[in-house]
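This report refers to the structure that appears directly beneath it.
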Amino acid sequence: MSGWQDRWSLPAVIVFALVAVPMAVLLLPKPEVISSAPPPWEMRSDSAGNPQILGITLDISRLNEVEQLFIRPAEVNLFVTEALPATEATERLLLEAYFASVNVAGLQARVVLVLNADERELQAIYQRGARVSATAPGRRKVQLADADRRAVGDLTIASLTYMPSADISEDLLRQRFGEPAEILDEGASGNRHWLYPERGLSIVVNDDAKEVFQFLSPLRFTTWRDRLAAELKI
């Protein structure tokens, strides 16, 4: 009897190994894909003065190119926000491309891009939307129709929001970006908006939360800053 057991024990171990090892390999976490883009503090401008961040040239780079740079597709939605009585007469429509996880220079972050599209294009995308859902008071999300999702890949990038997973100290921010030209303080929320108009950069700093970086063209910064101040009632 022992001989029968011995004859089958070795093949059983081999069979188990042949099955278990590939299964273990499949269950291992996939290695993180690291983009070749430079870190956000290495800001540059092209010959026309357009800001370059994370390898993206605002108003020049297209969404398709950014997806290749980040080595992953974006989730694209249209957002509709109620008008602000002080600054707007109609609802505001923004076409946003969201990357839930991007590794740039070894730093994990979320990235949101606002795409350049005129009001007529945005209204047409809204009318063709596959589904509308409320995300917050006064804000709705519209899922794009399949044809529109393919088409928006050719749109250029108007602004970029970078949300790192790591907490960055104020000392390091000053070392990387210098002193802000202005700080807008929200008060109770603890958010402080460090503004760098010449760079087209805003950094939201909060002692109890991670920093949020927003980059846009310096030519649009004053208008953007005034809208922010109206929203914050500053």
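Every chain in the structure tokens takes a letter, A first, then B, and so on in the order presented; its residues are numbered from 1, and the ligands are numbered from 1 following the presented order.
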Exercise. Considering only C-alpha atoms, return as a ChimeraX atom specification whatever protein or nucleic-acid residues lie within 6 Å of Val114 of chain A, sequence-local ones (same chain, fewer than 6 positions apart) excluded.
Key: /A:95-96,158-159
Exercise. Considering only C-alpha atoms, return as a PyMOL selection string whatever protein or nucleic-acid residues lie within 12 Å of Thr156 of chain A, sequence-local ones (same chain, fewer than 3 positions apart) excluded.
Key: chain A and resi 56-66+95-97+113-118+151-153+159-160
Quiz item: Could you pull out the alpha helix (DSSP H) residues of chain A from DSSP and send them as a ChimeraX atom specification?
Solution: /A:2-27,63-70,119-127,146-151,170-177,218-232
Can I get the selection written as a compact mmCIF listing (two decimals), in the first residue's frame, with C-alpha atoms?
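Result file out-v6.txt:
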```txt
# COMPACT_ATOMS: atom_id res chain seq x y z
CA SER A 2 2.81 2.34 0.81
CA GLY A 3 4.31 1.71 -2.62
CA TRP A 4 1.09 2.91 -4.32
CA GLN A 5 1.09 6.04 -2.22
CA ASP A 6 4.75 6.68 -3.03
CA ARG A 7 4.15 6.31 -6.77
CA TRP A 8 1.43 8.97 -6.75
CA SER A 9 2.75 11.40 -4.16
CA LEU A 10 5.47 12.91 -6.37
CA PRO A 11 3.30 13.54 -9.44
CA ALA A 12 0.64 15.07 -7.20
CA VAL A 13 3.16 17.57 -5.84
CA ILE A 14 4.33 18.40 -9.34
CA VAL A 15 0.77 18.86 -10.59
CA PHE A 16 -0.03 21.11 -7.64
CA ALA A 17 3.09 23.19 -8.31
CA LEU A 18 2.27 23.50 -12.00
CA VAL A 19 -1.18 24.82 -11.10
CA ALA A 20 -0.33 26.85 -8.02
CA VAL A 21 2.66 28.75 -9.39
CA PRO A 22 0.86 30.22 -12.42
CA MET A 23 -2.13 31.04 -10.20
CA ALA A 24 0.17 32.81 -7.74
CA VAL A 25 1.69 34.82 -10.58
CA LEU A 26 -1.77 35.85 -11.74
CA LEU A 27 -2.69 36.95 -8.22
CA LEU A 63 -6.52 64.32 -24.81
CA ASN A 64 -5.44 61.39 -27.00
CA GLU A 65 -1.81 62.45 -26.54
CA VAL A 66 -2.20 62.76 -22.77
CA GLU A 67 -3.70 59.25 -22.58
CA GLN A 68 -0.61 57.95 -24.37
CA LEU A 69 1.65 59.93 -22.02
CA PHE A 70 -0.12 58.59 -18.91
CA GLU A 119 -20.52 76.54 -25.92
CA ARG A 120 -22.17 75.13 -29.03
CA GLU A 121 -20.13 71.90 -28.80
CA LEU A 122 -20.87 71.55 -25.09
CA GLN A 123 -24.60 72.06 -25.57
CA ALA A 124 -24.64 69.44 -28.35
CA ILE A 125 -22.78 66.94 -26.13
CA TYR A 126 -25.28 67.68 -23.35
CA GLN A 127 -28.26 67.03 -25.64
CA ASP A 146 -20.09 56.76 -27.41
CA ALA A 147 -19.50 58.84 -30.55
CA ASP A 148 -18.82 61.95 -28.48
CA ARG A 149 -16.39 60.07 -26.22
CA ARG A 150 -14.36 59.07 -29.27
CA ALA A 151 -14.48 62.58 -30.73
CA GLU A 170 4.37 74.43 3.09
CA ASP A 171 8.15 74.70 3.32
CA LEU A 172 8.56 72.37 0.36
CA LEU A 173 5.90 74.26 -1.60
CA ARG A 174 7.78 77.51 -1.05
CA GLN A 175 11.02 75.81 -2.03
CA ARG A 176 9.50 74.50 -5.27
CA PHE A 177 7.26 77.43 -6.27
CA PRO A 218 -1.76 82.97 -17.22
CA LEU A 219 -3.92 84.85 -19.76
CA ARG A 220 -7.04 83.33 -18.14
CA PHE A 221 -5.86 83.57 -14.56
CA THR A 222 -7.37 86.93 -13.60
CA THR A 223 -10.83 85.88 -14.81
CA TRP A 224 -10.46 82.55 -13.00
CA ARG A 225 -9.29 84.29 -9.81
CA ASP A 226 -12.24 86.69 -9.84
CA ARG A 227 -14.69 83.80 -10.26
CA LEU A 228 -13.05 81.95 -7.36
CA ALA A 229 -13.29 85.05 -5.15
CA ALA A 230 -16.99 85.40 -6.07
CA GLU A 231 -17.62 81.74 -5.20
CA LEU A 232 -15.85 82.18 -1.86
```
Contacts of segment 136-144 of chain A at 6 Å or less, counting only C-alpha atoms, minus same-chain residues fewer than 6 places along, as a short mmCIF file (atom, residue, chain, number, x, y, z; two decimals) with C-alpha atoms, in the first residue's frame?
```
data_model
loop_
_atom_site.label_atom_id
_atom_site.label_comp_id
_atom_site.auth_asym_id
_atom_site.auth_seq_id
_atom_site.Cartn_x
_atom_site.Cartn_y
_atom_site.Cartn_z
CA ASN A 77 -17.86 63.44 -18.41
CA LEU A 78 -19.67 66.72 -18.94
CA PHE A 79 -20.44 68.65 -15.74
CA VAL A 80 -23.22 71.23 -15.49
CA THR A 81 -23.02 73.78 -12.66
CA GLU A 82 -25.66 76.31 -11.69
CA GLY A 129 -25.76 62.62 -23.29
CA ALA A 130 -26.36 58.98 -22.44
#
```
Quiz prompt | Between atom CA of Pro197 of chain A and atom CA of Ala37 of chain A - distance in Å to one decimal | solution = 23.5 Å
Quiz prompt | Close residues, Leu201 of chain A itself excluded, 7 Å, only C-alpha atoms, min 4 positions apart in chain, as a ChimeraX atom specification | solution = /A:195-197,214-216
Residues as selected, N, CA and C atoms, written as a tab-separated table (two decimals), in the first residue's frame, can you do that?
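Saved as selection.tsv:
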```tsv
chain	number	residue	atom	x	y	z
A	195	LEU	N	-1.90	81.75	-4.77
A	195	LEU	CA	-2.04	82.13	-6.17
A	195	LEU	C	-0.72	82.63	-6.74
A	196	TYR	N	-0.40	82.10	-7.94
A	196	TYR	CA	0.80	82.48	-8.68
A	196	TYR	C	0.36	82.90	-10.08
A	197	PRO	N	-0.12	84.14	-10.26
A	197	PRO	CA	-0.70	84.55	-11.55
A	197	PRO	C	0.26	84.43	-12.72
A	214	GLN	N	-3.77	73.53	-9.32
A	214	GLN	CA	-4.49	73.79	-10.56
A	214	GLN	C	-3.65	74.70	-11.45
A	215	PHE	N	-3.48	74.25	-12.71
A	215	PHE	CA	-2.67	74.97	-13.68
A	215	PHE	C	-3.57	75.40	-14.84
A	216	LEU	N	-3.46	76.67	-15.25
A	216	LEU	CA	-4.16	77.16	-16.42
A	216	LEU	C	-3.33	78.25	-17.06
```
